[in-house]
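Trainee: This is work.cif, which holds mmCIF, C-alpha atoms:
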```
data_protein
#
loop_
_atom_site.label_atom_id
_atom_site.label_comp_id
_atom_site.auth_asym_id
_atom_site.auth_seq_id
_atom_site.Cartn_x
_atom_site.Cartn_y
_atom_site.Cartn_z
CA MET K 32 -19.01 -56.79 31.78
CA ILE K 33 -16.90 -53.82 30.65
CA LYS K 34 -13.82 -54.58 28.51
CA LEU K 35 -12.53 -51.49 26.74
CA ARG K 36 -9.43 -52.85 24.98
CA HIS K 37 -8.16 -54.19 21.66
CA HIS K 38 -9.56 -57.04 19.56
CA GLY K 39 -7.54 -59.83 21.17
CA ASP K 40 -8.44 -58.66 24.67
CA VAL K 41 -12.15 -58.72 23.86
CA LEU K 42 -11.91 -62.20 22.35
CA LEU K 43 -10.17 -63.50 25.48
CA THR K 44 -13.08 -62.17 27.54
CA THR K 45 -15.49 -64.58 25.80
CA ALA K 46 -14.37 -67.27 28.25
CA LEU K 47 -15.85 -65.12 31.04
CA TYR K 48 -19.16 -64.67 29.22
CA HIS K 49 -19.25 -68.45 28.74
CA ALA K 50 -18.64 -69.02 32.47
CA LEU K 51 -21.35 -66.53 33.51
CA TYR K 52 -23.83 -68.14 31.13
CA ASP K 53 -23.12 -71.55 32.66
CA GLN K 54 -23.00 -70.47 36.30
CA PHE K 55 -26.12 -68.28 36.25
CA PRO K 56 -28.67 -70.08 34.04
CA GLY K 57 -31.17 -67.68 32.54
CA ALA K 58 -29.19 -64.58 33.45
CA GLN K 59 -28.85 -61.70 31.00
CA VAL K 60 -25.15 -61.19 30.22
CA ASP K 61 -24.30 -57.92 28.46
CA THR K 62 -20.95 -56.39 27.60
CA LEU K 63 -19.60 -52.91 26.94
CA ILE K 64 -16.71 -52.70 24.45
CA TYR K 65 -15.22 -50.38 21.84
CA LYS K 66 -17.24 -50.37 18.63
CA GLU K 67 -14.36 -51.53 16.42
CA THR K 68 -14.01 -54.78 18.40
CA THR K 69 -17.64 -55.90 17.98
CA PRO K 70 -16.97 -58.21 14.97
CA LEU K 71 -15.31 -60.73 17.30
CA LEU K 72 -18.54 -61.12 19.28
CA GLN K 73 -20.81 -61.82 16.30
CA ASN K 74 -22.92 -64.95 16.85
CA ASN K 75 -21.75 -65.26 20.46
CA PRO K 76 -24.35 -67.53 22.11
CA HIS K 77 -23.62 -66.32 25.65
CA LEU K 78 -24.34 -62.62 25.22
CA ASN K 79 -27.71 -60.92 25.33
CA GLN K 80 -26.56 -57.46 24.24
CA VAL K 81 -23.36 -55.74 23.13
CA LEU K 82 -23.08 -52.06 24.09
CA CYS K 83 -20.47 -49.92 22.36
CA ILE K 84 -18.35 -46.83 22.74
CA ASP K 85 -17.48 -45.26 19.40
CA ARG K 86 -14.02 -43.71 19.67
CA LYS K 87 -14.40 -42.05 16.28
CA LEU K 88 -16.96 -39.65 17.72
CA LYS K 89 -15.52 -36.38 18.98
CA GLY K 90 -16.55 -33.49 21.19
CA PHE K 91 -20.24 -32.96 21.97
CA ALA K 92 -21.35 -35.94 19.83
CA ARG K 93 -19.27 -38.34 21.90
CA LEU K 94 -20.28 -36.74 25.21
CA LYS K 95 -23.97 -36.99 24.26
CA THR K 96 -23.62 -40.63 23.19
CA GLU K 97 -21.75 -41.70 26.31
CA LEU K 98 -24.20 -39.92 28.61
CA GLY K 99 -26.97 -41.79 26.82
CA LEU K 100 -25.08 -45.00 27.46
CA VAL K 101 -24.80 -44.23 31.18
CA PHE K 102 -28.57 -43.66 31.43
CA LYS K 103 -29.32 -46.80 29.41
CA VAL K 104 -27.21 -48.90 31.78
CA ARG K 105 -28.93 -47.34 34.78
CA GLN K 106 -32.40 -48.04 33.38
CA THR K 107 -31.50 -51.71 32.81
CA ARG K 108 -31.03 -52.22 36.56
CA TYR K 109 -28.19 -54.73 36.43
CA ASP K 110 -27.55 -56.95 39.45
CA ALA K 111 -23.81 -56.63 38.86
CA VAL K 112 -21.43 -54.52 36.78
CA VAL K 113 -17.81 -55.62 36.39
CA HIS K 114 -15.12 -53.27 35.04
CA LEU K 115 -12.09 -55.23 33.83
CA THR K 116 -9.96 -52.33 32.60
CA ASP K 117 -8.90 -48.87 33.75
CA GLN K 118 -10.92 -46.33 31.74
CA TRP K 119 -12.79 -43.70 33.70
CA ILE K 120 -15.88 -43.99 31.50
CA GLY K 121 -16.20 -47.61 32.66
CA ALA K 122 -15.96 -46.56 36.29
CA LEU K 123 -18.63 -43.91 35.80
CA VAL K 124 -20.91 -46.39 34.05
CA ALA K 125 -20.49 -48.73 37.03
CA ARG K 126 -21.11 -46.00 39.60
CA PHE K 127 -24.25 -44.62 38.00
CA SER K 128 -25.64 -48.06 37.20
CA LYS K 129 -26.79 -48.34 40.83
CA ALA K 130 -26.07 -52.06 40.62
CA PRO K 131 -25.79 -53.58 44.12
CA VAL K 132 -22.53 -55.27 43.08
CA ARG K 133 -19.95 -53.20 41.23
CA VAL K 134 -16.59 -54.89 40.77
CA GLN K 135 -13.26 -53.37 39.83
CA MET K 136 -10.09 -55.15 38.78
CA ALA K 137 -7.42 -53.47 40.92
CA CYS K 138 -5.02 -51.25 38.97
CA ALA K 139 -2.12 -49.34 40.56
CA LYS K 140 -2.63 -46.16 38.52
CA ARG K 141 -6.26 -45.99 39.66
CA ASP K 142 -5.58 -46.37 43.38
CA LYS K 143 -7.53 -43.20 44.16
CA ALA K 144 -10.50 -42.50 46.44
CA LEU K 145 -12.77 -41.26 43.62
CA TRP K 146 -12.08 -44.41 41.59
CA HIS K 147 -12.74 -46.74 44.53
CA ALA K 148 -15.98 -44.90 45.31
CA CYS K 149 -17.39 -46.16 42.01
CA PHE K 150 -17.27 -49.79 43.17
CA THR K 151 -18.42 -52.08 45.95
CA ASP K 152 -15.89 -54.88 45.43
CA ARG K 153 -12.22 -55.04 44.44
CA VAL K 154 -10.44 -58.01 42.88
CA VAL K 155 -6.65 -58.01 43.17
CA PRO K 156 -4.86 -59.89 40.38
CA PRO K 157 -1.52 -61.69 40.91
CA ALA K 158 1.76 -60.08 39.85
CA ARG K 159 2.26 -59.55 36.12
CA GLY K 160 3.25 -62.67 34.24
CA GLN K 161 1.82 -65.05 36.86
CA ALA K 162 -1.52 -65.81 35.16
CA HIS K 163 -3.07 -65.88 31.72
CA ALA K 164 -5.43 -63.10 30.62
CA VAL K 165 -8.31 -65.60 30.54
CA GLU K 166 -7.59 -66.53 34.16
CA LEU K 167 -7.36 -62.86 35.13
CA ASN K 168 -10.79 -62.15 33.63
CA LEU K 169 -12.28 -65.12 35.48
CA LEU K 170 -11.00 -63.76 38.82
CA CYS K 171 -13.95 -61.35 38.96
CA LEU K 172 -16.23 -64.36 39.51
CA GLN K 173 -15.09 -64.51 43.14
CA ALA K 174 -16.97 -61.26 43.78
CA LEU K 175 -20.08 -62.99 42.40
CA GLY K 176 -19.75 -65.99 44.72
CA ILE K 177 -18.04 -68.35 42.24
CA ASN K 178 -14.63 -69.96 42.72
CA PRO K 179 -12.75 -69.00 39.52
CA ARG K 180 -10.42 -71.98 39.90
CA SER K 181 -13.41 -74.27 39.40
CA ILE K 182 -13.93 -72.86 35.90
CA ARG K 183 -12.22 -74.17 32.79
CA GLY K 184 -12.10 -71.07 30.65
CA GLU K 185 -13.32 -71.71 27.12
CA MET K 186 -13.19 -68.94 24.54
CA VAL K 187 -15.89 -68.71 21.90
CA LEU K 188 -15.66 -67.57 18.28
CA ARG K 189 -18.45 -68.58 15.89
CA PRO K 190 -17.98 -67.87 12.15
CA SER K 191 -21.36 -67.52 10.47
CA PRO K 192 -22.44 -70.00 7.76
CA GLU K 193 -22.44 -67.08 5.33
CA ASN K 194 -18.80 -66.24 6.04
CA LEU K 195 -17.78 -69.89 5.89
CA GLU K 196 -19.39 -70.11 2.46
CA LYS K 197 -17.75 -66.85 1.39
CA ALA K 198 -14.33 -68.05 2.59
CA ASP K 199 -14.76 -71.35 0.75
CA HIS K 200 -15.73 -69.45 -2.42
CA MET K 201 -12.68 -67.18 -2.07
CA LEU K 202 -10.38 -70.18 -1.80
CA THR K 203 -11.99 -71.88 -4.80
CA GLU K 204 -11.58 -68.72 -6.88
CA GLN K 205 -7.89 -68.65 -5.99
CA GLY K 206 -7.44 -72.31 -6.86
CA ILE K 207 -6.79 -73.23 -3.23
CA GLY K 208 -8.02 -76.59 -2.05
CA GLU K 209 -7.45 -78.33 1.23
CA PRO K 210 -5.18 -78.61 3.02
CA PHE K 211 -3.89 -75.05 3.29
CA VAL K 212 -1.89 -73.19 5.95
CA LEU K 213 -2.90 -69.69 6.99
CA ILE K 214 -0.02 -67.34 7.84
CA HIS K 215 -0.61 -63.92 9.38
CA PRO K 216 2.93 -62.48 9.70
CA ALA K 217 2.21 -58.90 10.75
CA ALA K 218 0.97 -57.22 13.93
CA ARG K 219 -0.24 -53.83 15.10
CA TRP K 220 3.25 -53.09 16.48
CA PRO K 221 6.48 -53.93 14.58
CA PHE K 222 8.24 -55.05 17.78
CA LYS K 223 6.03 -58.15 17.74
CA CYS K 224 7.12 -59.14 14.24
CA TRP K 225 9.64 -61.65 12.89
CA GLU K 226 11.92 -60.93 9.92
CA ASP K 227 10.42 -61.04 6.42
CA ASP K 228 13.12 -63.24 4.89
CA LYS K 229 12.69 -65.86 7.63
CA PHE K 230 8.94 -65.95 7.15
CA ALA K 231 9.53 -66.31 3.41
CA ASP K 232 11.73 -69.35 4.11
CA VAL K 233 8.90 -70.96 6.08
CA VAL K 234 6.44 -70.21 3.25
CA VAL K 235 8.78 -71.80 0.67
CA HIS K 236 9.29 -74.84 2.91
CA LEU K 237 5.53 -75.42 3.17
CA LEU K 238 4.97 -74.92 -0.57
CA LYS K 239 7.67 -77.46 -1.37
CA LYS K 240 5.84 -79.94 0.85
CA GLY K 241 2.82 -79.54 -1.40
CA LEU K 242 0.76 -77.44 1.02
CA HIS K 243 -1.07 -74.33 -0.13
CA VAL K 244 -0.29 -71.14 1.81
CA VAL K 245 -2.69 -68.24 2.33
CA LEU K 246 -1.16 -64.97 3.58
CA THR K 247 -3.38 -62.51 5.43
CA CYS K 248 -3.03 -59.16 7.19
CA SER K 249 -5.12 -56.16 8.17
CA PRO K 250 -5.73 -53.23 5.75
CA ASP K 251 -3.00 -51.26 7.53
CA PRO K 252 -0.50 -50.06 4.86
CA VAL K 253 2.54 -51.16 6.90
CA GLU K 254 1.11 -54.65 7.44
CA MET K 255 0.18 -54.94 3.77
CA ALA K 256 3.69 -53.91 2.71
CA THR K 257 5.22 -56.47 5.07
CA THR K 258 2.99 -59.26 3.76
CA ALA K 259 3.64 -58.28 0.13
CA GLU K 260 7.40 -58.36 0.77
CA ILE K 261 7.17 -61.87 2.25
CA GLU K 262 5.14 -63.02 -0.75
CA GLN K 263 7.66 -61.59 -3.22
CA LEU K 264 10.65 -63.06 -1.39
CA ALA K 265 8.99 -66.47 -1.36
CA ARG K 266 8.19 -66.35 -5.08
CA ASN K 267 11.75 -65.29 -5.90
CA ARG K 268 13.19 -68.16 -3.86
CA LEU K 269 10.92 -70.70 -5.47
CA GLY K 270 12.26 -69.69 -8.87
CA ALA K 271 12.09 -72.66 -11.21
CA ALA K 272 11.63 -75.20 -8.41
CA SER K 273 10.44 -78.55 -9.70
CA GLY K 274 8.10 -81.11 -8.22
CA LYS K 275 4.61 -80.75 -6.86
CA LEU K 276 4.34 -77.34 -5.23
CA GLY K 277 1.56 -75.81 -3.21
CA LYS K 278 -0.03 -72.56 -4.32
CA LEU K 279 0.72 -69.23 -2.64
CA VAL K 280 -2.04 -66.63 -2.31
CA ASN K 281 -1.94 -63.24 -0.62
CA VAL K 282 -5.38 -61.96 0.46
CA GLY K 283 -3.97 -59.39 2.89
CA GLY K 284 -6.18 -56.39 3.55
CA LYS K 285 -9.10 -57.89 1.64
CA MET K 286 -11.27 -59.24 4.41
CA SER K 287 -13.14 -58.53 7.61
CA LEU K 288 -12.37 -60.17 10.95
CA PRO K 289 -15.45 -62.42 10.68
CA LEU K 290 -14.24 -63.61 7.26
CA LEU K 291 -10.74 -64.18 8.67
CA ALA K 292 -12.33 -66.30 11.39
CA ALA K 293 -14.00 -68.40 8.70
CA LEU K 294 -10.68 -68.86 6.86
CA LEU K 295 -9.03 -69.91 10.11
CA LYS K 296 -11.79 -72.43 10.71
CA LEU K 297 -11.05 -74.02 7.33
CA CYS K 298 -7.23 -74.10 7.50
CA LYS K 299 -5.05 -77.09 8.44
CA PHE K 300 -3.05 -74.96 10.88
CA TYR K 301 -2.03 -71.36 11.57
CA VAL K 302 1.38 -69.65 11.82
CA GLY K 303 1.76 -66.11 13.14
CA VAL K 304 2.95 -63.71 15.80
CA ASP K 305 1.43 -62.26 18.96
CA SER K 306 -1.72 -60.64 17.51
CA ALA K 307 -5.51 -60.99 17.44
CA PRO K 308 -5.52 -63.78 14.78
CA MET K 309 -3.39 -65.89 17.14
CA HIS K 310 -6.15 -65.67 19.76
CA MET K 311 -8.77 -66.31 17.07
CA ALA K 312 -7.01 -69.55 16.09
CA ALA K 313 -6.95 -70.58 19.76
CA ALA K 314 -10.67 -69.83 20.17
CA LEU K 315 -11.40 -71.95 17.09
CA ASN K 316 -9.26 -74.81 18.43
CA VAL K 317 -7.01 -74.64 15.36
CA PRO K 318 -3.44 -75.99 15.73
CA GLN K 319 -0.87 -73.22 15.51
CA VAL K 320 2.72 -72.10 15.80
CA ALA K 321 2.92 -68.72 17.57
CA LEU K 322 6.08 -66.60 17.58
CA PHE K 323 6.45 -64.51 20.72
CA GLY K 324 8.65 -61.58 21.66
CA PRO K 325 8.88 -59.34 24.71
CA SER K 326 5.21 -59.37 25.72
CA TRP K 327 4.24 -61.15 28.94
CA VAL K 328 4.23 -64.67 27.51
CA GLN K 329 2.38 -66.35 30.38
CA GLU K 330 -0.34 -63.72 30.19
CA TRP K 331 -0.79 -63.42 26.41
CA ARG K 332 0.19 -66.81 24.94
CA PRO K 333 -2.50 -68.67 22.98
CA TRP K 334 -5.10 -70.14 25.34
CA SER K 335 -4.93 -73.55 23.68
CA ASP K 336 -3.38 -76.96 24.10
CA LYS K 337 -2.91 -77.10 20.34
CA ALA K 338 -0.45 -74.21 20.25
CA THR K 339 3.33 -74.34 19.97
CA VAL K 340 4.86 -71.12 21.34
CA ILE K 341 8.36 -70.14 20.20
CA TYR K 342 9.73 -67.46 22.52
CA ALA K 343 12.43 -65.09 21.26
CA GLY K 344 13.76 -64.76 24.81
CA ASP K 345 14.98 -68.37 24.63
CA TYR K 346 17.41 -67.38 21.86
CA GLY K 347 18.60 -63.92 22.85
CA PRO K 348 18.07 -60.98 25.24
CA LEU K 349 14.80 -59.08 25.21
CA PRO K 350 13.75 -55.81 26.85
CA HIS K 351 11.45 -56.00 29.86
CA PRO K 352 7.78 -56.05 28.75
CA ASP K 353 7.05 -52.83 30.64
CA SER K 354 9.94 -50.96 28.99
CA ILE K 355 8.94 -51.42 25.34
CA ASN K 356 8.68 -48.34 23.14
CA THR K 357 5.74 -49.22 20.89
CA ASP K 358 6.83 -46.54 18.39
CA ASP K 359 10.20 -48.23 17.85
CA PRO K 360 10.10 -50.12 14.50
CA THR K 361 12.75 -52.62 15.65
CA ARG K 362 11.58 -56.22 15.25
CA LEU K 363 12.35 -57.94 18.51
CA LEU K 364 11.72 -61.51 17.34
CA ALA K 365 14.85 -61.56 15.17
CA ALA K 366 16.66 -64.04 17.45
CA ILE K 367 14.17 -66.83 16.65
CA PRO K 368 15.96 -69.22 14.25
CA THR K 369 14.19 -70.29 11.09
CA GLU K 370 15.01 -73.93 11.81
CA MET K 371 12.95 -73.93 15.03
CA VAL K 372 9.88 -72.64 13.23
CA ILE K 373 10.29 -75.12 10.39
CA GLN K 374 10.65 -78.01 12.85
CA SER K 375 7.47 -76.89 14.62
CA VAL K 376 5.40 -76.55 11.45
CA ASP K 377 6.67 -79.94 10.24
CA LYS K 378 5.12 -81.56 13.30
CA LEU K 379 1.76 -80.07 12.29
CA VAL K 380 2.25 -81.04 8.64
CA ASP K 381 2.78 -84.63 9.70
#
```
Here is a file; write its structure as structure tokens.

Mentor:
Amino acid sequence: MIKLRHHGDVLLTTALYHALYDQFPGAQVDTLIYKETTPLLQNNPHLNQVLCIDRKLKGFARLKTELGLVFKVRQTRYDAVVHLTDQWIGALVARFSKAPVRVQMACAKRDKALWHACFTDRVVPPARGQAHAVELNLLCLQALGINPRSIRGEMVLRPSPENLEKADHMLTEQGIGEPFVLIHPAARWPFKCWEDDKFADVVVHLLKKGLHVVLTCSPDPVEMATTAEIEQLARNRLGAASGKLGKLVNVGGKMSLPLLAALLKLCKFYVGVDSAPMHMAAALNVPQVALFGPSWVQEWRPWSDKATVIYAGDYGPLPHPDSINTDDPTRLLAAIPTEMVIQSVDKLVD
């Protein structure tokens, strides 16, 4: 299975590995992903081997490594190779694998003879926004003789005992006991983010209810600055508030994805935006409130029946998902009212 995409995309693919493991008992299921996304597949019980492409390698070093990968795949003699994305290296890996079944997920920009020559089977997904990403991944099963509609996609994320212990120790050091709420307010792209002052209001609301709040983010400087601003706004608004208050801790930029998974496993519920931690919470079956903007909601919403999705498009106009300028720093979730988020988190508090 080839899935050369971001962290969240790779995590969503774990439902496919799970299905293959169940449908073909004893089969060897391997995956090819970008090296930086491997932490989300640690301890995955359905995978035999994780192959990687290191995008940090350049020039001859990368060419040599990827040629070695092609030969390794060929020597393994797979019965089937499925390419779920649109990178040419994935198509070449499929073609030179000599697998009797080589499946492509149809993509308009790759509707070319050379591309099609790399595969034996073609799966055509429905129009954008008509199916969830988990369902789209499962579609490839039809080329392997399995009805994808008969499969209940279940994502898998398994924090290690070591990381669970480390997360528990981190919380104890910070004076955080249960229950606590984990909030991850930032995302790779600013257009997916809500406003800092509104997030701070939600943090203050939870603290006044006696719940501890743990803020997290990636080591990215922009995300860390956003999270620090929310923390400071919340502390300023608390002021000399009386009564039993929860404790606020910001551990942004201080942890790995496996450690974040462990923290999510321990929290009462999660609040965040459309980002990888949202999918991690869904995979861990953790209740959550997810704030969504102009992305394809049906395709990228949390794959969970314990998720409340608040869509900015219900409160104001949004650009079409295919017209977004990812370099534009404008936060497109601004229309979401604070009251709606507070009402949603209150249901989880209770």

Trainee: What separation in Å, quoted to one decimal, exists between CA of Ala111 in chain K and CA of Val134 in chain K?

Mentor: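 According to the coordinates, CA of Ala111 in chain K and CA of Val134 in chain K are separated by 7.7 Å.
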
Trainee: What's the 9 Å shell around Val155 in chain K, counting all atoms listed in the file, without same-chain residues fewer than 3 positions away, as a list in words?

Mentor: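 In the requested form, the answer reads Gln135, Met136, Ala137, Cys138 and Leu170 of chain K.
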
Trainee: Using the chain letters and numbers from the file, give me the residues hit by the PyMOL selection byres ((chain K and resi 313-323) around 6), as a list in words.

Mentor: Met186, Val187, Leu188, Phe300, Tyr301, Val302, Gly303, Val304, Asp305, His310, Met311, Ala312, Gly324, Pro333, Trp334, Ser335, Lys337, Ala338, Thr339, Val340, Ile341 and Tyr342 of chain K

Trainee: Can you spell out as an NGL selection string the set of residues that the PyMOL selection byres ((chain K and resi 68-74) around 9) selects in the structure I just provided?

Mentor: :K and (36-39 or 41-42 or 45 or 64-67 or 75-78 or 81 or 83 or 187-191 or 287-289 or 292 or 311)

Trainee: Given the PyMOL selection byres ((chain K and resi 217) around 9) and the file above, list the residues it selects as a PyMOL selection string.

Mentor: chain K and resi 215-216+218-221+223-225+247-249+253-255+257-258+303-306

Trainee: Rank K:Ala293, K:Cys171, K:Leu98, K:Val244 by their smallest atom-to-atom distance to Leu47 in chain K, using only C-alpha atoms, and report the top residue only.

Mentor: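 With only C-alpha atoms as the atom set, the closest residue is K:Cys171.
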
Trainee: I need the residue nearest Asp381 in chain K from this list: K:His147, K:Gly176, K:Lys299, K:Ala130. Use all atoms listed in the file for the distance.

Mentor: K:Lys299

Trainee: Can you find the residues with an atom no farther than 12 Å from (-21.4, -43.2, 40.7), counting only C-alpha atoms, and report them as number ranges by chain?

Mentor: K: 101-102, 105, 112, 119-131, 133, 145-151

Trainee: To one decimal in Å, tell me the separation between CA of Ala231 in chain K and CA of Leu264 in chain K.

Mentor: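 Between CA of Ala231 in chain K and CA of Leu264 in chain K the gap is 5.9 Å.
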